[in-house]
>>> print(open('target-v3.txt').read())   # compact mmCIF, C-alpha atoms
# COMPACT_ATOMS: atom_id res chain seq x y z
CA MET F 193 0.00 0.00 0.00
CA ALA F 194 1.34 3.40 -0.97
CA ILE F 195 2.06 5.85 1.80
CA VAL F 196 0.53 9.26 1.14
CA SER F 197 0.87 12.63 2.79
CA SER F 198 -1.77 13.29 5.42
CA SER F 199 -2.57 16.61 3.76
CA THR F 200 -3.20 15.19 0.29
CA ASN F 201 -6.75 15.18 -1.07
CA GLN F 202 -7.92 13.38 -4.18
CA ILE F 203 -11.51 14.49 -4.67
CA SER F 204 -12.80 13.92 -8.18
CA PRO F 205 -14.02 17.09 -9.96
CA ALA F 206 -17.37 15.38 -10.56
CA ASN F 207 -17.88 14.64 -6.87
CA GLU F 208 -16.81 18.16 -5.94
CA ARG F 209 -19.33 19.71 -8.31
CA LEU F 210 -22.11 17.41 -7.15
CA TYR F 211 -21.44 17.01 -3.44
CA HIS F 212 -18.89 19.72 -2.51
CA GLN F 213 -16.90 17.09 -0.61
CA SER F 214 -14.05 19.53 0.14
CA ALA F 215 -16.44 21.23 2.58
CA LEU F 216 -16.14 18.13 4.79
CA VAL F 217 -12.38 18.47 5.20
CA GLY F 218 -11.34 20.18 8.42
CA ASP F 219 -11.64 20.09 12.20
CA TRP F 220 -15.17 19.99 13.64
CA LYS F 221 -16.09 20.46 17.30
CA GLY F 222 -19.38 20.41 19.15
CA ASN F 223 -21.53 18.66 21.73
CA TRP F 224 -23.87 15.71 21.92
CA VAL F 225 -27.53 16.61 22.13
CA GLY F 226 -28.90 15.69 25.55
CA ASN F 227 -25.81 15.19 27.70
CA ASN F 228 -23.85 18.12 26.17
CA GLN F 229 -20.62 16.10 26.21
CA PRO F 230 -17.91 17.50 23.90
CA VAL F 231 -17.12 15.66 20.68
CA GLU F 232 -14.68 16.33 17.85
CA PHE F 233 -14.44 14.94 14.34
CA LYS F 234 -11.51 15.75 12.07
CA VAL F 235 -11.48 14.96 8.36
CA VAL F 236 -7.78 14.97 7.46
CA ASN F 237 -8.25 14.21 3.78
CA ILE F 238 -10.52 12.57 1.24
CA ARG F 239 -9.13 10.19 -1.36
CA GLY F 240 -11.81 8.81 -3.62
CA ALA F 241 -14.29 6.85 -1.51
CA ARG F 242 -12.09 6.91 1.60
CA ALA F 243 -11.48 9.63 4.16
CA GLN F 244 -8.76 9.72 6.80
CA VAL F 245 -10.49 10.78 10.02
CA GLU F 246 -10.00 11.31 13.75
CA TYR F 247 -12.91 10.92 16.17
CA THR F 248 -12.44 12.26 19.71
CA HIS F 249 -14.98 11.51 22.46
CA ASN F 250 -14.89 10.77 26.17
CA GLY F 251 -11.28 11.93 26.30
CA HIS F 252 -9.83 9.52 23.76
CA THR F 253 -9.24 9.63 19.99
CA GLU F 254 -9.94 6.99 17.37
CA ARG F 255 -8.11 7.27 14.04
CA GLY F 256 -8.75 5.42 10.85
CA PHE F 257 -10.29 5.40 7.40
CA ALA F 258 -13.95 6.14 6.81
CA GLU F 259 -16.25 5.57 3.84
CA VAL F 260 -17.30 8.55 1.75
CA LYS F 261 -20.77 8.38 0.20
CA GLY F 262 -21.74 11.56 -1.60
CA THR F 263 -22.24 14.25 1.06
CA LEU F 264 -21.81 11.83 3.98
CA ILE F 265 -18.93 10.11 5.76
CA ASN F 266 -19.46 6.81 7.61
CA PHE F 267 -17.01 5.75 10.32
CA GLY F 268 -18.11 2.68 12.25
CA GLY F 269 -21.45 3.58 13.81
CA LEU F 270 -20.96 7.27 12.98
CA THR F 271 -22.45 9.19 10.08
CA VAL F 272 -21.54 12.85 9.52
CA GLY F 273 -22.55 15.38 6.94
CA THR F 274 -22.64 19.13 6.26
CA LYS F 275 -24.81 21.26 3.98
CA ASP F 276 -23.09 24.62 4.33
CA GLY F 277 -19.47 23.72 5.15
CA LYS F 278 -19.81 25.42 8.54
CA ASN F 279 -22.11 23.18 10.56
CA MET F 280 -21.97 19.40 10.76
CA VAL F 281 -24.57 16.92 12.00
CA MET F 282 -23.25 13.72 13.56
CA LEU F 283 -25.42 10.65 14.05
CA PHE F 284 -24.24 7.73 16.18
CA SER F 285 -26.17 4.46 15.97
CA PHE F 286 -25.44 1.90 18.67
CA GLY F 287 -27.07 -1.32 17.49
CA GLY F 288 -30.78 -1.50 18.18
CA ALA F 289 -30.44 0.49 21.39
CA GLY F 290 -31.02 3.87 19.78
CA LYS F 291 -29.33 6.82 18.22
CA GLN F 292 -27.48 9.89 19.45
CA THR F 293 -27.06 13.18 17.63
CA ALA F 294 -24.41 15.89 17.90
CA ASN F 295 -24.11 19.33 16.34
CA LEU F 296 -20.59 20.46 15.38
CA GLU F 297 -19.05 23.60 13.94
CA LYS F 298 -16.02 23.79 11.67
CA GLN F 299 -13.02 25.31 13.45
CA ASP F 300 -10.96 28.04 11.83
CA PRO F 301 -7.42 26.92 10.93
CA PRO F 302 -4.63 28.18 13.23
CA VAL F 303 -3.74 31.77 12.45
CA SER F 304 -0.71 32.18 14.72
CA ASP F 305 1.70 31.79 11.81
CA SER F 306 -0.43 33.46 9.14
CA ARG F 307 1.56 36.70 9.35
CA LEU F 308 4.48 34.85 7.74
CA MET F 309 2.39 33.74 4.77
CA GLY F 310 2.91 35.49 1.44
CA SER F 311 5.67 36.93 -0.69
CA TRP F 312 8.36 39.18 0.75
CA GLY F 313 11.06 41.19 -0.97
CA GLY F 314 13.41 44.12 -0.48
CA TYR F 315 16.74 45.79 -1.10
CA SER F 316 19.48 46.92 1.27
CA SER F 317 21.31 50.10 0.33
CA ALA F 318 23.83 49.32 3.05
CA ASN F 319 25.22 46.21 1.33
CA GLY F 320 23.66 46.44 -2.15
CA LYS F 321 21.87 43.12 -1.72
CA SER F 322 18.32 42.22 -2.67
CA ALA F 323 16.40 39.16 -1.53
CA SER F 324 12.95 37.62 -1.69
CA PHE F 325 11.26 35.01 0.46
CA LYS F 326 8.00 33.33 -0.51
CA VAL F 327 6.09 31.40 2.16
CA LEU F 328 3.71 29.07 0.32
CA SER F 329 2.23 27.28 3.34
CA VAL F 330 2.71 26.88 7.08
CA ASP F 331 1.86 23.60 8.79
CA GLY F 332 2.83 23.57 12.45
CA LYS F 333 6.61 23.72 12.66
CA GLU F 334 7.18 23.35 8.92
CA ALA F 335 6.75 25.78 6.04
CA GLN F 336 7.02 25.35 2.28
CA VAL F 337 9.21 28.20 1.04
CA SER F 338 11.00 29.61 -1.97
CA VAL F 339 14.00 31.84 -1.28
CA THR F 340 15.98 33.94 -3.75
CA THR F 341 19.34 35.44 -2.74
CA ASP F 342 22.11 36.65 -5.03
CA GLY F 343 20.01 35.62 -8.01
CA VAL F 344 19.74 31.98 -6.93
CA THR F 345 16.35 30.49 -6.00
CA ARG F 346 16.01 27.57 -3.60
CA LYS F 347 12.81 25.77 -2.68
CA GLY F 348 12.05 23.38 0.13
CA THR F 349 10.82 22.94 3.69
CA GLY F 350 11.75 25.52 6.32
CA TYR F 351 11.53 25.35 10.10
CA VAL F 352 9.07 27.67 11.89
CA TYR F 353 9.84 29.08 15.32
CA LYS F 354 7.44 31.79 16.53
CA ASN F 355 7.79 34.67 14.03
CA VAL F 356 10.86 33.25 12.25
CA ILE F 357 11.27 30.78 9.39
CA MET F 358 14.71 29.23 8.90
CA PHE F 359 15.64 27.59 5.62
CA GLY F 360 19.20 26.53 4.85
CA GLN F 361 21.49 29.53 5.22
CA ALA F 362 18.60 32.00 5.18
CA GLN F 363 15.89 33.10 7.56
CA ILE F 364 13.02 35.59 7.59
CA ALA F 365 11.48 37.27 10.60
CA THR F 366 8.53 39.64 11.01
CA ASP F 367 6.94 41.33 14.00
CA ASP F 368 3.87 42.91 12.42
CA GLY F 369 3.18 40.72 9.39
CA GLN F 370 3.98 43.56 6.99
CA ASN F 371 7.63 44.42 7.53
CA GLY F 372 10.49 42.05 8.20
CA LYS F 373 14.07 41.16 7.48
CA ILE F 374 15.87 38.43 5.61
CA ILE F 375 19.25 37.34 6.92
CA TYR F 376 21.32 34.98 4.82
CA GLN F 377 24.86 33.71 4.93
CA VAL F 378 27.40 33.32 2.14
CA GLY F 379 30.54 31.62 3.33
CA THR F 380 31.50 33.36 6.55
CA LYS F 381 29.61 36.57 5.78
CA SER F 382 26.04 37.40 6.75
CA PHE F 383 23.80 39.88 4.96
CA MET F 384 20.62 41.52 6.20
CA VAL F 385 17.96 42.80 3.78
CA PRO F 386 14.88 44.69 5.03
CA VAL F 387 11.73 43.36 3.30
CA THR F 388 8.06 44.14 3.05
CA LYS F 389 5.15 41.84 2.24
CA TYR F 390 3.79 42.18 -1.28
CA PRO F 391 0.02 42.65 -1.62
CA PRO F 392 -1.93 39.56 -2.68
CA ALA F 393 -1.93 38.86 -6.39
CA ASP F 394 -5.66 39.46 -6.64
CA SER F 395 -5.51 42.96 -5.17
CA SER F 396 -5.86 45.94 -7.46
CA SER F 397 -2.37 47.21 -8.16
CA SER F 398 -2.77 48.20 -11.80
CA VAL F 399 -3.78 51.76 -10.91
CA ASP F 400 -0.13 52.69 -10.41
CA ARG F 401 0.89 51.77 -13.91
CA THR F 402 2.24 54.58 -16.04
CA ALA F 403 1.35 55.02 -19.70
>>> encode(input="target-v3.txt", output="structure tokens")
Amino acid sequence: MAIVSSSTNQISPANERLYHQSALVGDWKGNWVGNNQPVEFKVVNIRGARAQVEYTHNGHTERGFAEVKGTLINFGGLTVGTKDGKNMVMLFSFGGAGKQTANLEKQDPPVSDSRLMGSWGGYSSANGKSASFKVLSVDGKEAQVSVTTDGVTRKGTGYVYKNVIMFGQAQIATDDGQNGKIIYQVGTKSFMVPVTKYPPADSSSSVDRTA
């Protein structure tokens, strides 16, 4: 069996158009109706008719693969589904003894490292160096980055520590999410380049163009 990344989804375009299965992916938290006990259901990814899930209840977590059927996911005696991508209904059937229902809400992804996301660039008049640092994604302590220094671009996985990302001989740091600095090393020398975050690609920047 092939080993796949936990963050990889393979949802067919047809299923996405029909069922919007990507809306199921994420971390959902809520409470059982009646006893108000907390419950959590995490859909890590969907690959065809299988979903990798985590089900947390009564203080312990069950992990495994669930069956995807259209807009629903079945995991053992559990069935979950969402209509709007924000609220999830969970139904637990325990044999012929009855059923239990829970209402869950999708949790926002962590935003602590979001200030590092984006494209950064700048020039230092002090040393005549320019540099750019593109943060493509942040996942916990790892970040997918692309760094260009001295005209050479390197891509790979960087290490995240608070407001700093370290990658090879380069690192970027920011305090406010808009201004920062890139420090990189060549041989025994270190260079510092002040950088700013570029606006998103979809923002309107064409107004500054000259004829």
>>> atom_distance(input="target-v3.txt", atom1="atom CA of Leu296 of chain F", atom2="atom CA of Met309 of chain F")
28.6 Å
>>> closest_residue(input="target-v3.txt", among="F:Tyr211, F:Trp220, F:Tyr390, F:Phe286", to="Glu232 of chain F", atoms="only C-alpha atoms")
F:Trp220
>>> closest_residue(input="target-v3.txt", among="F:Ala335, F:Ile238, F:Leu308, F:Leu270", to="Asp367 of chain F", atoms="only C-alpha atoms")
F:Leu308
>>> atom_distance(input="target-v3.txt", atom1="atom CA of Val245 of chain F", atom2="atom CA of Glu208 of chain F")
18.7 Å
>>> residues_around(input="target-v3.txt", residues="Ala318 of chain F", least_positions_apart="5", cutoff="10 Å", atoms="only C-alpha atoms", output="list in words")
Phe383, Met384 and Val385 of chain F
>>> atom_distance(input="target-v3.txt", atom1="atom CA of Gln292 of chain F", atom2="atom CA of Asn237 of chain F")
25.2 Å
>>> closest_atom_pairs(input="target-v3.txt", of="segment 259-341 of chain F", to="segment 346-356 of chain F", cutoff="10 Å", atoms="all atoms listed in the file", output="Markdown table")
| residue | atom | partner | partner_atom | distance |
| --- | --- | --- | --- | --- |
| F:Ser304 | CA | F:Lys354 | CA | 8.4 |
| F:Asp305 | CA | F:Asn355 | CA | 7.1 |
| F:Ser306 | CA | F:Asn355 | CA | 9.6 |
| F:Arg307 | CA | F:Asn355 | CA | 8.1 |
| F:Leu308 | CA | F:Asn355 | CA | 7.1 |
| F:Phe325 | CA | F:Arg346 | CA | 9.7 |
| F:Lys326 | CA | F:Lys347 | CA | 9.2 |
| F:Val327 | CA | F:Gly350 | CA | 9.2 |
| F:Leu328 | CA | F:Thr349 | CA | 10.0 |
| F:Ser329 | CA | F:Thr349 | CA | 9.6 |
| F:Val330 | CA | F:Val352 | CA | 8.0 |
| F:Asp331 | CA | F:Val352 | CA | 8.8 |
| F:Gly332 | CA | F:Val352 | CA | 7.5 |
| F:Lys333 | CA | F:Val352 | CA | 4.7 |
| F:Glu334 | CA | F:Tyr351 | CA | 4.9 |
| F:Ala335 | CA | F:Gly350 | CA | 5.0 |
| F:Gln336 | CA | F:Thr349 | CA | 4.7 |
| F:Val337 | CA | F:Gly348 | CA | 5.7 |
| F:Ser338 | CA | F:Lys347 | CA | 4.3 |
| F:Val339 | CA | F:Arg346 | CA | 5.3 |
| F:Thr340 | CA | F:Arg346 | CA | 6.4 |
| F:Thr341 | CA | F:Arg346 | CA | 8.6 |
>>> write_last_selection(input="target-v3.txt", atoms="C-alpha atoms", output="compact mmCIF listing (two decimals), in the coordinates of the input")
# COMPACT_ATOMS: atom_id res chain seq x y z
CA SER F 304 -0.71 32.18 14.72
CA ASP F 305 1.70 31.79 11.81
CA SER F 306 -0.43 33.46 9.14
CA ARG F 307 1.56 36.70 9.35
CA LEU F 308 4.48 34.85 7.74
CA PHE F 325 11.26 35.01 0.46
CA LYS F 326 8.00 33.33 -0.51
CA VAL F 327 6.09 31.40 2.16
CA LEU F 328 3.71 29.07 0.32
CA SER F 329 2.23 27.28 3.34
CA VAL F 330 2.71 26.88 7.08
CA ASP F 331 1.86 23.60 8.79
CA GLY F 332 2.83 23.57 12.45
CA LYS F 333 6.61 23.72 12.66
CA GLU F 334 7.18 23.35 8.92
CA ALA F 335 6.75 25.78 6.04
CA GLN F 336 7.02 25.35 2.28
CA VAL F 337 9.21 28.20 1.04
CA SER F 338 11.00 29.61 -1.97
CA VAL F 339 14.00 31.84 -1.28
CA THR F 340 15.98 33.94 -3.75
CA THR F 341 19.34 35.44 -2.74
>>> axis_aligned_box(input="target-v3.txt", around="segment 216-233 of chain F", padding_each_side="8 Å", output="lines of an AutoDock Vina configuration file")
center_x = -20.1
center_y = 17.7
center_z = 16.2
size_x = 33.6
size_y = 21.5
size_z = 38.9
>>> closest_residue(input="target-v3.txt", among="F:Ala294, F:Met358, F:Ile364, F:Val231", to="Val281 of chain F", atoms="all atoms listed in the file")
F:Ala294
>>> residues_near_point(input="target-v3.txt", point="(-20.2, 10.6, -0.5)", cutoff="10 Å", atoms="all atoms listed in the file", output="ChimeraX atom specification")
/F:207-208,210-213,240-243,259-266,273
>>> closest_residue(input="target-v3.txt", among="F:Ser324, F:Thr345, F:Thr274, F:Asn250", to="Lys373 of chain F", atoms="all atoms listed in the file")
F:Ser324
>>> closest_residue(input="target-v3.txt", among="F:Gln363, F:Ser311, F:Ser316, F:Ser204", to="Lys389 of chain F", atoms="all atoms listed in the file")
F:Ser311
>>> residues_around(input="target-v3.txt", residues="Lys298 of chain F", least_positions_apart="5", cutoff="7 Å", atoms="only C-alpha atoms", output="mmCIF file with C-alpha atoms, keeping the file's coordinate frame")
data_model
loop_
_atom_site.group_PDB
_atom_site.id
_atom_site.type_symbol
_atom_site.label_atom_id
_atom_site.label_comp_id
_atom_site.auth_asym_id
_atom_site.auth_seq_id
_atom_site.Cartn_x
_atom_site.Cartn_y
_atom_site.Cartn_z
ATOM 1 C CA GLY F 218 -11.340 20.180 8.420
ATOM 2 C CA ASP F 219 -11.640 20.090 12.200
ATOM 3 C CA TRP F 220 -15.170 19.990 13.640
ATOM 4 C CA LYS F 221 -16.090 20.460 17.300
ATOM 5 C CA LYS F 278 -19.810 25.420 8.540
ATOM 6 C CA ASN F 279 -22.110 23.180 10.560
#
>>> closest_residue(input="target-v3.txt", among="F:Ser317, F:Ser285, F:Gln299, F:Gln370", to="Lys234 of chain F", atoms="all atoms listed in the file")
F:Gln299
>>> decode(input="target-v3.txt", residues="segment 211-222 of chain F", atoms="N, CA, C and O atoms", output="tab-separated table (two decimals), in the first residue's frame")
chain	number	residue	atom	x	y	z
F	211	TYR	N	-21.27	17.14	-4.88
F	211	TYR	CA	-21.44	17.01	-3.44
F	211	TYR	C	-20.66	18.04	-2.62
F	211	TYR	O	-20.88	18.14	-1.41
F	212	HIS	N	-19.75	18.77	-3.24
F	212	HIS	CA	-18.89	19.72	-2.51
F	212	HIS	C	-18.18	19.02	-1.34
F	212	HIS	O	-18.23	19.47	-0.20
F	213	GLN	N	-17.52	17.90	-1.66
F	213	GLN	CA	-16.90	17.09	-0.61
F	213	GLN	C	-15.76	17.81	0.12
F	213	GLN	O	-15.47	17.49	1.27
F	214	SER	N	-15.13	18.80	-0.53
F	214	SER	CA	-14.05	19.53	0.14
F	214	SER	C	-14.56	20.27	1.37
F	214	SER	O	-13.78	20.59	2.27
F	215	ALA	N	-15.86	20.55	1.42
F	215	ALA	CA	-16.44	21.23	2.58
F	215	ALA	C	-16.37	20.36	3.83
F	215	ALA	O	-16.43	20.86	4.95
F	216	LEU	N	-16.22	19.04	3.65
F	216	LEU	CA	-16.14	18.13	4.79
F	216	LEU	C	-14.77	18.15	5.45
F	216	LEU	O	-14.64	17.80	6.63
F	217	VAL	N	-13.75	18.51	4.69
F	217	VAL	CA	-12.38	18.47	5.20
F	217	VAL	C	-12.17	19.57	6.23
F	217	VAL	O	-12.49	20.74	6.00
F	218	GLY	N	-11.62	19.20	7.38
F	218	GLY	CA	-11.34	20.18	8.42
F	218	GLY	C	-11.58	19.60	9.80
F	218	GLY	O	-11.84	18.40	9.97
F	219	ASP	N	-11.49	20.47	10.80
F	219	ASP	CA	-11.64	20.09	12.20
F	219	ASP	C	-13.00	20.58	12.69
F	219	ASP	O	-13.31	21.77	12.60
F	220	TRP	N	-13.81	19.67	13.20
F	220	TRP	CA	-15.17	19.99	13.64
F	220	TRP	C	-15.30	19.70	15.13
F	220	TRP	O	-14.90	18.64	15.60
F	221	LYS	N	-15.91	20.63	15.86
F	221	LYS	CA	-16.09	20.46	17.30
F	221	LYS	C	-17.51	20.83	17.69
F	221	LYS	O	-18.11	21.73	17.10
F	222	GLY	N	-18.03	20.11	18.69
F	222	GLY	CA	-19.38	20.41	19.15
F	222	GLY	C	-19.74	19.59	20.37
F	222	GLY	O	-18.86	19.15	21.12
